[in-house]
>>> print(open('query07.pdb').read())   # PDB, C-alpha atoms
ATOM      1  CA  MET A   1       0.000   0.000   0.000  1.00  0.00           C
ATOM      2  CA  GLN A   2       1.490   3.345  -1.097  1.00  0.00           C
ATOM      3  CA  PRO A   3       1.492   6.367   1.317  1.00  0.00           C
ATOM      4  CA  SER A   4      -1.462   8.624   0.559  1.00  0.00           C
ATOM      5  CA  SER A   5       0.216  11.999   0.813  1.00  0.00           C
ATOM      6  CA  PRO A   6       3.534  13.559  -0.283  1.00  0.00           C
ATOM      7  CA  TRP A   7       4.497  14.127   3.329  1.00  0.00           C
ATOM      8  CA  ALA A   8       3.965  10.468   4.118  1.00  0.00           C
ATOM      9  CA  ARG A   9       6.081   9.422   1.149  1.00  0.00           C
ATOM     10  CA  ARG A  10       8.900  11.742   2.268  1.00  0.00           C
ATOM     11  CA  LEU A  11       8.734  10.281   5.741  1.00  0.00           C
ATOM     12  CA  VAL A  12       9.076   6.756   4.350  1.00  0.00           C
ATOM     13  CA  ILE A  13      12.125   7.793   2.293  1.00  0.00           C
ATOM     14  CA  LEU A  14      13.729   9.509   5.286  1.00  0.00           C
ATOM     15  CA  ILE A  15      13.324   6.350   7.338  1.00  0.00           C
ATOM     16  CA  THR A  16      14.292   3.849   4.590  1.00  0.00           C
ATOM     17  CA  VAL A  17      17.513   5.449   3.281  1.00  0.00           C
ATOM     18  CA  PRO A  18      19.320   5.619   6.647  1.00  0.00           C
ATOM     19  CA  ALA A  19      18.233   2.061   7.403  1.00  0.00           C
ATOM     20  CA  VAL A  20      19.718   0.762   4.141  1.00  0.00           C
ATOM     21  CA  THR A  21      22.888   2.739   4.725  1.00  0.00           C
ATOM     22  CA  ILE A  22      23.281   1.379   8.242  1.00  0.00           C
ATOM     23  CA  ALA A  23      22.703  -2.175   6.995  1.00  0.00           C
ATOM     24  CA  ALA A  24      25.388  -1.746   4.331  1.00  0.00           C
ATOM     25  CA  VAL A  25      27.826  -0.409   6.905  1.00  0.00           C
ATOM     26  CA  PHE A  26      27.224  -3.361   9.205  1.00  0.00           C
ATOM     27  CA  ALA A  27      27.595  -5.804   6.300  1.00  0.00           C
ATOM     28  CA  GLY A  28      30.911  -4.244   5.315  1.00  0.00           C
ATOM     29  CA  LEU A  29      32.110  -4.316   8.902  1.00  0.00           C
ATOM     30  CA  TYR A  30      31.195  -7.996   9.161  1.00  0.00           C
ATOM     31  CA  LEU A  31      33.143  -8.883   5.989  1.00  0.00           C
ATOM     32  CA  TYR A  32      36.155  -6.916   7.216  1.00  0.00           C
ATOM     33  CA  GLN A  33      36.133  -8.777  10.528  1.00  0.00           C
ATOM     34  CA  GLN A  34      35.945 -12.119   8.707  1.00  0.00           C
ATOM     35  CA  GLN A  35      38.936 -11.220   6.528  1.00  0.00           C
ATOM     36  CA  GLN A  36      40.949 -10.153   9.551  1.00  0.00           C
ATOM     37  CA  ALA A  37      40.098 -13.389  11.322  1.00  0.00           C
ATOM     38  CA  THR A  38      41.304 -15.398   8.314  1.00  0.00           C
ATOM     39  CA  ARG A  39      44.574 -13.486   8.201  1.00  0.00           C
ATOM     40  CA  THR A  40      45.087 -14.059  11.912  1.00  0.00           C
ATOM     41  CA  VAL A  41      44.657 -17.808  11.506  1.00  0.00           C
ATOM     42  CA  ASN A  42      47.063 -17.945   8.545  1.00  0.00           C
ATOM     43  CA  PRO A  43      49.188 -14.762   8.655  1.00  0.00           C
ATOM     44  CA  ALA A  44      52.055 -16.128   6.536  1.00  0.00           C
ATOM     45  CA  GLY A  45      49.990 -17.052   3.477  1.00  0.00           C
ATOM     46  CA  PRO A  46      50.312 -20.504   1.883  1.00  0.00           C
ATOM     47  CA  PRO A  47      51.897 -23.198   4.055  1.00  0.00           C
ATOM     48  CA  SER A  48      55.636 -23.622   3.575  1.00  0.00           C
ATOM     49  CA  SER A  49      57.387 -26.910   2.854  1.00  0.00           C
ATOM     50  CA  SER A  50      57.885 -29.183   5.816  1.00  0.00           C
ATOM     51  CA  PRO A  51      61.432 -30.006   6.966  1.00  0.00           C
ATOM     52  CA  SER A  52      61.150 -33.449   5.372  1.00  0.00           C
ATOM     53  CA  ASP A  53      60.053 -31.934   2.032  1.00  0.00           C
ATOM     54  CA  THR A  54      62.924 -29.454   2.157  1.00  0.00           C
ATOM     55  CA  ALA A  55      65.380 -32.288   2.740  1.00  0.00           C
ATOM     56  CA  LYS A  56      63.950 -34.218  -0.204  1.00  0.00           C
ATOM     57  CA  ILE A  57      64.260 -31.196  -2.480  1.00  0.00           C
ATOM     58  CA  LYS A  58      67.874 -30.606  -1.463  1.00  0.00           C
ATOM     59  CA  GLN A  59      68.651 -34.280  -2.019  1.00  0.00           C
ATOM     60  CA  ALA A  60      67.028 -34.187  -5.461  1.00  0.00           C
ATOM     61  CA  ILE A  61      69.151 -31.193  -6.466  1.00  0.00           C
ATOM     62  CA  SER A  62      72.275 -32.892  -5.114  1.00  0.00           C
ATOM     63  CA  ASP A  63      71.483 -36.093  -7.033  1.00  0.00           C
ATOM     64  CA  CYS A  64      70.915 -34.084 -10.194  1.00  0.00           C
ATOM     65  CA  ARG A  65      74.251 -32.292  -9.893  1.00  0.00           C
ATOM     66  CA  ARG A  66      75.971 -35.606  -9.237  1.00  0.00           C
ATOM     67  CA  GLU A  67      74.390 -37.111 -12.354  1.00  0.00           C
ATOM     68  CA  VAL A  68      75.703 -34.279 -14.511  1.00  0.00           C
ATOM     69  CA  ALA A  69      79.160 -34.420 -12.918  1.00  0.00           C
ATOM     70  CA  LEU A  70      79.467 -38.176 -13.450  1.00  0.00           C
ATOM     71  CA  ALA A  71      78.344 -37.943 -17.073  1.00  0.00           C
ATOM     72  CA  GLU A  72      80.815 -35.154 -17.753  1.00  0.00           C
ATOM     73  CA  SER A  73      83.606 -37.122 -16.063  1.00  0.00           C
ATOM     74  CA  VAL A  74      83.135 -39.881 -18.648  1.00  0.00           C
ATOM     75  CA  LEU A  75      83.461 -37.298 -21.400  1.00  0.00           C
ATOM     76  CA  SER A  76      86.645 -36.003 -19.807  1.00  0.00           C
ATOM     77  CA  ALA A  77      88.026 -39.537 -19.686  1.00  0.00           C
ATOM     78  CA  ALA A  78      87.291 -39.931 -23.396  1.00  0.00           C
ATOM     79  CA  ASP A  79      89.041 -36.714 -24.368  1.00  0.00           C
ATOM     80  CA  ASP A  80      92.617 -38.026 -24.639  1.00  0.00           C
ATOM     81  CA  GLY A  81      91.571 -41.031 -26.680  1.00  0.00           C
ATOM     82  CA  VAL A  82      89.481 -38.998 -29.091  1.00  0.00           C
ATOM     83  CA  ARG A  83      92.299 -36.495 -29.525  1.00  0.00           C
ATOM     84  CA  ASN A  84      94.937 -39.170 -30.188  1.00  0.00           C
ATOM     85  CA  TRP A  85      92.709 -40.990 -32.648  1.00  0.00           C
ATOM     86  CA  ARG A  86      91.945 -37.727 -34.436  1.00  0.00           C
ATOM     87  CA  GLN A  87      95.640 -36.860 -34.661  1.00  0.00           C
ATOM     88  CA  ARG A  88      96.456 -40.315 -35.988  1.00  0.00           C
ATOM     89  CA  VAL A  89      93.814 -40.033 -38.698  1.00  0.00           C
ATOM     90  CA  GLN A  90      94.843 -36.468 -39.524  1.00  0.00           C
ATOM     91  CA  ALA A  91      98.470 -37.533 -39.924  1.00  0.00           C
ATOM     92  CA  GLN A  92      97.434 -39.946 -42.655  1.00  0.00           C
ATOM     93  CA  THR A  93      95.353 -37.240 -44.320  1.00  0.00           C
ATOM     94  CA  ASP A  94      98.232 -34.771 -44.200  1.00  0.00           C
ATOM     95  CA  LEU A  95     100.655 -37.381 -45.513  1.00  0.00           C
ATOM     96  CA  SER A  96      98.335 -38.243 -48.392  1.00  0.00           C
ATOM     97  CA  LEU A  97      98.063 -34.556 -49.311  1.00  0.00           C
ATOM     98  CA  GLY A  98     101.816 -33.989 -49.060  1.00  0.00           C
ATOM     99  CA  ARG A  99     101.547 -31.643 -46.099  1.00  0.00           C
ATOM    100  CA  ILE A 100     103.929 -33.673 -43.929  1.00  0.00           C
ATOM    101  CA  THR A 101     106.697 -36.176 -44.534  1.00  0.00           C
ATOM    102  CA  GLU A 102     106.604 -39.902 -43.869  1.00  0.00           C
ATOM    103  CA  LYS A 103     108.856 -39.366 -40.848  1.00  0.00           C
ATOM    104  CA  GLU A 104     106.538 -36.727 -39.393  1.00  0.00           C
ATOM    105  CA  ALA A 105     103.576 -39.024 -39.861  1.00  0.00           C
ATOM    106  CA  ARG A 106     105.437 -41.900 -38.197  1.00  0.00           C
ATOM    107  CA  ASP A 107     106.245 -39.692 -35.210  1.00  0.00           C
ATOM    108  CA  VAL A 108     102.531 -39.011 -34.728  1.00  0.00           C
ATOM    109  CA  TRP A 109     101.623 -42.670 -35.208  1.00  0.00           C
ATOM    110  CA  ASN A 110     104.240 -43.846 -32.714  1.00  0.00           C
ATOM    111  CA  ARG A 111     103.189 -41.339 -30.075  1.00  0.00           C
ATOM    112  CA  THR A 112      99.468 -41.950 -30.425  1.00  0.00           C
ATOM    113  CA  GLY A 113      99.893 -45.704 -30.760  1.00  0.00           C
ATOM    114  CA  ASN A 114     101.855 -45.892 -27.517  1.00  0.00           C
ATOM    115  CA  ALA A 115      99.218 -43.827 -25.703  1.00  0.00           C
ATOM    116  CA  GLY A 116      96.306 -45.766 -27.166  1.00  0.00           C
ATOM    117  CA  PRO A 117      95.972 -48.615 -24.632  1.00  0.00           C
ATOM    118  CA  SER A 118      95.886 -46.218 -21.673  1.00  0.00           C
ATOM    119  CA  ASP A 119      93.331 -44.074 -23.542  1.00  0.00           C
ATOM    120  CA  ILE A 120      90.986 -47.026 -23.817  1.00  0.00           C
ATOM    121  CA  ALA A 121      91.596 -48.237 -20.258  1.00  0.00           C
ATOM    122  CA  LYS A 122      90.883 -44.812 -18.759  1.00  0.00           C
ATOM    123  CA  TYR A 123      87.694 -44.435 -20.742  1.00  0.00           C
ATOM    124  CA  GLN A 124      86.431 -47.922 -19.944  1.00  0.00           C
ATOM    125  CA  THR A 125      87.025 -47.362 -16.223  1.00  0.00           C
ATOM    126  CA  ALA A 126      85.048 -44.120 -16.213  1.00  0.00           C
ATOM    127  CA  LYS A 127      82.296 -45.607 -18.334  1.00  0.00           C
ATOM    128  CA  ALA A 128      81.924 -48.620 -16.025  1.00  0.00           C
ATOM    129  CA  ALA A 129      81.455 -46.322 -13.014  1.00  0.00           C
ATOM    130  CA  TYR A 130      78.596 -44.412 -14.638  1.00  0.00           C
ATOM    131  CA  ARG A 131      74.987 -45.523 -14.916  1.00  0.00           C
ATOM    132  CA  ALA A 132      72.667 -42.956 -16.423  1.00  0.00           C
ATOM    133  CA  ASP A 133      69.708 -41.990 -14.226  1.00  0.00           C
ATOM    134  CA  ASN A 134      67.101 -40.469 -16.518  1.00  0.00           C
ATOM    135  CA  GLY A 135      64.967 -39.269 -13.618  1.00  0.00           C
ATOM    136  CA  ALA A 136      67.742 -37.601 -11.650  1.00  0.00           C
ATOM    137  CA  CYS A 137      66.885 -34.038 -12.694  1.00  0.00           C
ATOM    138  CA  ALA A 138      63.091 -34.232 -12.795  1.00  0.00           C
ATOM    139  CA  ALA A 139      61.026 -31.415 -11.279  1.00  0.00           C
ATOM    140  CA  VAL A 140      60.303 -31.867  -7.567  1.00  0.00           C
ATOM    141  CA  LYS A 141      56.982 -31.054  -5.911  1.00  0.00           C
ATOM    142  CA  GLY A 142      57.271 -28.213  -3.438  1.00  0.00           C
ATOM    143  CA  ALA A 143      60.491 -26.791  -4.891  1.00  0.00           C
ATOM    144  CA  THR A 144      60.810 -23.030  -5.226  1.00  0.00           C
ATOM    145  CA  GLU A 145      61.051 -21.340  -8.605  1.00  0.00           C
ATOM    146  CA  ALA A 146      64.800 -20.915  -8.122  1.00  0.00           C
ATOM    147  CA  GLU A 147      65.223 -24.604  -7.288  1.00  0.00           C
ATOM    148  CA  LEU A 148      63.113 -25.665 -10.258  1.00  0.00           C
ATOM    149  CA  GLU A 149      65.248 -23.427 -12.459  1.00  0.00           C
ATOM    150  CA  GLN A 150      68.404 -25.155 -11.220  1.00  0.00           C
ATOM    151  CA  LEU A 151      66.924 -28.554 -11.999  1.00  0.00           C
ATOM    152  CA  SER A 152      65.816 -27.361 -15.427  1.00  0.00           C
ATOM    153  CA  ILE A 153      69.294 -26.083 -16.325  1.00  0.00           C
ATOM    154  CA  CYS A 154      70.942 -29.296 -15.142  1.00  0.00           C
ATOM    155  CA  ARG A 155      68.357 -31.394 -16.977  1.00  0.00           C
ATOM    156  CA  ALA A 156      69.090 -29.524 -20.207  1.00  0.00           C
ATOM    157  CA  ARG A 157      72.812 -29.963 -19.628  1.00  0.00           C
ATOM    158  CA  VAL A 158      72.675 -33.703 -19.071  1.00  0.00           C
ATOM    159  CA  GLY A 159      70.395 -33.965 -22.100  1.00  0.00           C
ATOM    160  CA  LYS A 160      73.215 -32.599 -24.253  1.00  0.00           C
ATOM    161  CA  VAL A 161      75.876 -34.688 -22.537  1.00  0.00           C
ATOM    162  CA  GLY A 162      74.043 -37.838 -23.652  1.00  0.00           C
ATOM    163  CA  PRO A 163      74.635 -37.429 -27.420  1.00  0.00           C
ATOM    164  CA  ALA A 164      78.255 -36.475 -26.734  1.00  0.00           C
ATOM    165  CA  LEU A 165      78.734 -39.670 -24.722  1.00  0.00           C
ATOM    166  CA  THR A 166      77.244 -41.728 -27.541  1.00  0.00           C
ATOM    167  CA  ALA A 167      79.564 -40.107 -30.072  1.00  0.00           C
ATOM    168  CA  ALA A 168      82.560 -40.559 -27.767  1.00  0.00           C
ATOM    169  CA  ASP A 169      81.736 -44.228 -27.348  1.00  0.00           C
ATOM    170  CA  LEU A 170      81.544 -44.788 -31.107  1.00  0.00           C
ATOM    171  CA  THR A 171      84.770 -42.884 -31.699  1.00  0.00           C
ATOM    172  CA  LEU A 172      86.734 -44.740 -29.057  1.00  0.00           C
ATOM    173  CA  LYS A 173      85.399 -48.034 -30.347  1.00  0.00           C
ATOM    174  CA  ASP A 174      86.983 -47.133 -33.697  1.00  0.00           C
ATOM    175  CA  TRP A 175      90.220 -46.322 -31.872  1.00  0.00           C
ATOM    176  CA  GLU A 176      90.122 -49.565 -29.922  1.00  0.00           C
ATOM    177  CA  ILE A 177      89.489 -51.663 -33.031  1.00  0.00           C
ATOM    178  CA  HIS A 178      92.355 -49.975 -34.824  1.00  0.00           C
ATOM    179  CA  LEU A 179      94.714 -50.572 -31.908  1.00  0.00           C
ATOM    180  CA  GLY A 180      93.741 -54.227 -31.923  1.00  0.00           C
ATOM    181  CA  SER A 181      94.462 -54.593 -35.620  1.00  0.00           C
ATOM    182  CA  THR A 182      97.591 -52.428 -35.701  1.00  0.00           C
ATOM    183  CA  PRO A 183     100.054 -52.851 -32.794  1.00  0.00           C
ATOM    184  CA  ALA A 184     101.866 -49.744 -31.594  1.00  0.00           C
ATOM    185  CA  SER A 185     105.142 -51.052 -33.012  1.00  0.00           C
ATOM    186  CA  VAL A 186     103.677 -51.239 -36.512  1.00  0.00           C
ATOM    187  CA  SER A 187     103.163 -48.137 -38.624  1.00  0.00           C
ATOM    188  CA  PRO A 188      99.747 -47.711 -40.268  1.00  0.00           C
ATOM    189  CA  SER A 189     101.612 -47.249 -43.534  1.00  0.00           C
ATOM    190  CA  GLN A 190     102.554 -50.938 -43.321  1.00  0.00           C
ATOM    191  CA  ASP A 191      99.090 -51.938 -44.420  1.00  0.00           C
ATOM    192  CA  PRO A 192      99.200 -54.750 -46.971  1.00  0.00           C
ATOM    193  CA  ASP A 193      95.556 -55.710 -46.388  1.00  0.00           C
ATOM    194  CA  GLY A 194      94.220 -52.156 -46.491  1.00  0.00           C
ATOM    195  CA  ILE A 195      92.835 -52.364 -42.942  1.00  0.00           C
ATOM    196  CA  TRP A 196      94.262 -49.005 -41.938  1.00  0.00           C
ATOM    197  CA  ARG A 197      93.149 -47.300 -45.129  1.00  0.00           C
ATOM    198  CA  ASP A 198      89.607 -48.514 -44.558  1.00  0.00           C
ATOM    199  CA  ALA A 199      89.623 -47.327 -40.934  1.00  0.00           C
ATOM    200  CA  TRP A 200      91.095 -43.988 -41.978  1.00  0.00           C
ATOM    201  CA  ARG A 201      88.334 -43.387 -44.537  1.00  0.00           C
ATOM    202  CA  LYS A 202      85.562 -44.267 -42.075  1.00  0.00           C
ATOM    203  CA  ALA A 203      86.988 -42.475 -39.027  1.00  0.00           C
ATOM    204  CA  PRO A 204      85.721 -38.938 -39.825  1.00  0.00           C
ATOM    205  CA  THR A 205      82.078 -40.021 -39.506  1.00  0.00           C
ATOM    206  CA  ASN A 206      82.222 -40.629 -35.765  1.00  0.00           C
ATOM    207  CA  LEU A 207      84.899 -38.022 -35.134  1.00  0.00           C
ATOM    208  CA  ASN A 208      82.647 -35.381 -36.684  1.00  0.00           C
ATOM    209  CA  LYS A 209      79.647 -36.573 -34.670  1.00  0.00           C
ATOM    210  CA  TYR A 210      81.716 -36.156 -31.533  1.00  0.00           C
ATOM    211  CA  SER A 211      82.849 -32.661 -32.533  1.00  0.00           C
ATOM    212  CA  ASP A 212      79.289 -31.576 -33.319  1.00  0.00           C
ATOM    213  CA  ALA A 213      77.967 -32.943 -30.022  1.00  0.00           C
ATOM    214  CA  MET A 214      80.723 -31.228 -28.057  1.00  0.00           C
ATOM    215  CA  ASP A 215      80.083 -27.940 -29.860  1.00  0.00           C
ATOM    216  CA  THR A 216      76.411 -28.172 -28.901  1.00  0.00           C
ATOM    217  CA  LEU A 217      77.326 -28.992 -25.313  1.00  0.00           C
ATOM    218  CA  ALA A 218      79.643 -25.988 -25.149  1.00  0.00           C
ATOM    219  CA  LYS A 219      76.676 -23.733 -25.960  1.00  0.00           C
ATOM    220  CA  THR A 220      74.570 -25.213 -23.145  1.00  0.00           C
ATOM    221  CA  LYS A 221      74.541 -23.671 -19.672  1.00  0.00           C
ATOM    222  CA  SER A 222      76.559 -25.517 -17.072  1.00  0.00           C
ATOM    223  CA  CYS A 223      74.739 -27.089 -14.150  1.00  0.00           C
ATOM    224  CA  PRO A 224      74.790 -24.626 -11.192  1.00  0.00           C
ATOM    225  CA  ARG A 225      77.029 -25.776  -8.340  1.00  0.00           C
TER     226      ARG A 225
END
>>> encode(input="query07.pdb", output="structure tokens")
Amino acid sequence: MQPSSPWARRLVILITVPAVTIAAVFAGLYLYQQQQATRTVNPAGPPSSSPSDTAKIKQAISDCRREVALAESVLSAADDGVRNWRQRVQAQTDLSLGRITEKEARDVWNRTGNAGPSDIAKYQTAKAAYRADNGACAAVKGATEAELEQLSICRARVGKVGPALTAADLTLKDWEIHLGSTPASVSPSQDPDGIWRDAWRKAPTNLNKYSDAMDTLAKTKSCPR
């Protein structure tokens, strides 16, 4: 039922507006108090990692770094062998092109041939001590952004070490086979059956794979220590 006179309508408005305003104020005050109560219960925001979670995260990062270090140690062990095999092959190339003399080539062959067995032994020892752990650098639940970034960098690094290890293994297998067919005391030029010539022609394939993989690895960020 509507008020019958203008004065009555004004009276209704005067009563209604303050009532609505007061109700809004009380509603706002109630919401504010609820928010403050929530903040009091949980003043620090989201719950932090428990001590056990923190320990697991640190262990995961440590395991990841160890994985990268072990993989890179195998590459380091392969380095001498790859270099000696490359120099031996290059000496034959240079001799064939007339860049060096037979004596100069023999000097390279003698030096690399004498070093060959220790090259292979060192590499095989390092390789035997390493077992790839594909899950070592996986993301860990509860890790901070900085910790996840560390794991990501190390994961990318070990991902590039893998192809380099494969190439190193193939290259040193070539070196090992050659050493088995050509004793250190025998010059590759003494090759009546063409074994050395065949190995020399095929050697660049794996040597180049190794070089390419190492170039790619050199452009990849190192795992943070």
>>> atom_distance(input="query07.pdb", atom1="CA of Glu149 (chain A)", atom2="CA of Asp212 (chain A)")
26.4 Å
>>> residues_around(input="query07.pdb", residues="Leu148 (chain A)", least_positions_apart="3", cutoff="10 Å", atoms="only C-alpha atoms", output="list of chain:residue names")
A:Ile57, A:Ile61, A:Cys137, A:Ala138, A:Ala139, A:Val140, A:Lys141, A:Gly142, A:Ala143, A:Thr144, A:Glu145, A:Leu151, A:Ser152, A:Ile153, A:Cys154
>>> atom_distance(input="query07.pdb", atom1="CA of Ala126 (chain A)", atom2="CA of Asn110 (chain A)")
25.3 Å
>>> atom_distance(input="query07.pdb", atom1="CA of Thr171 (chain A)", atom2="CA of Tyr210 (chain A)")
7.4 Å
>>> resolve_selection(input="query07.pdb", expression="the PyMOL selection byres ((chain A and resi 64) around 12)", output="ChimeraX atom specification")
/A:57-63,65-71,132-140,147-148,150-159,223-225
>>> resolve_selection(input="query07.pdb", expression="the PyMOL selection byres ((chain A and resi 167) around 8)", output="ChimeraX atom specification")
/A:163-166,168-171,206-207,209-210,213
>>> write_last_selection(input="query07.pdb", atoms="C-alpha atoms", output="compact mmCIF listing (two decimals), in the coordinates of the input")
# COMPACT_ATOMS: atom_id res chain seq x y z
CA PRO A 163 74.64 -37.43 -27.42
CA ALA A 164 78.26 -36.48 -26.73
CA LEU A 165 78.73 -39.67 -24.72
CA THR A 166 77.24 -41.73 -27.54
CA ALA A 168 82.56 -40.56 -27.77
CA ASP A 169 81.74 -44.23 -27.35
CA LEU A 170 81.54 -44.79 -31.11
CA THR A 171 84.77 -42.88 -31.70
CA ASN A 206 82.22 -40.63 -35.76
CA LEU A 207 84.90 -38.02 -35.13
CA LYS A 209 79.65 -36.57 -34.67
CA TYR A 210 81.72 -36.16 -31.53
CA ALA A 213 77.97 -32.94 -30.02
>>> resolve_selection(input="query07.pdb", expression="the PyMOL selection byres ((chain A and resi 105) around 12)", output="ChimeraX atom specification")
/A:87-104,106-113,187-189
>>> residues_around(input="query07.pdb", residues="Ser181 (chain A)", least_positions_apart="3", cutoff="9 Å", atoms="all atoms listed in the file", output="list in words")
Glu176, Ile177, His178, Ile195 and Trp196 of chain A
>>> axis_aligned_box(input="query07.pdb", around="region 105-114 of chain A", padding_each_side="5 Å", output="AutoDock Vina command-line options")
--center_x 102.9 --center_y -42.5 --center_z -33.7 --size_x 16.8 --size_y 16.9 --size_z 22.3
>>> closest_residue(input="query07.pdb", among="A:Ala146, A:Ala203, A:Ala218, A:Ala78", to="Ile120 (chain A)", atoms="all atoms listed in the file")
A:Ala78
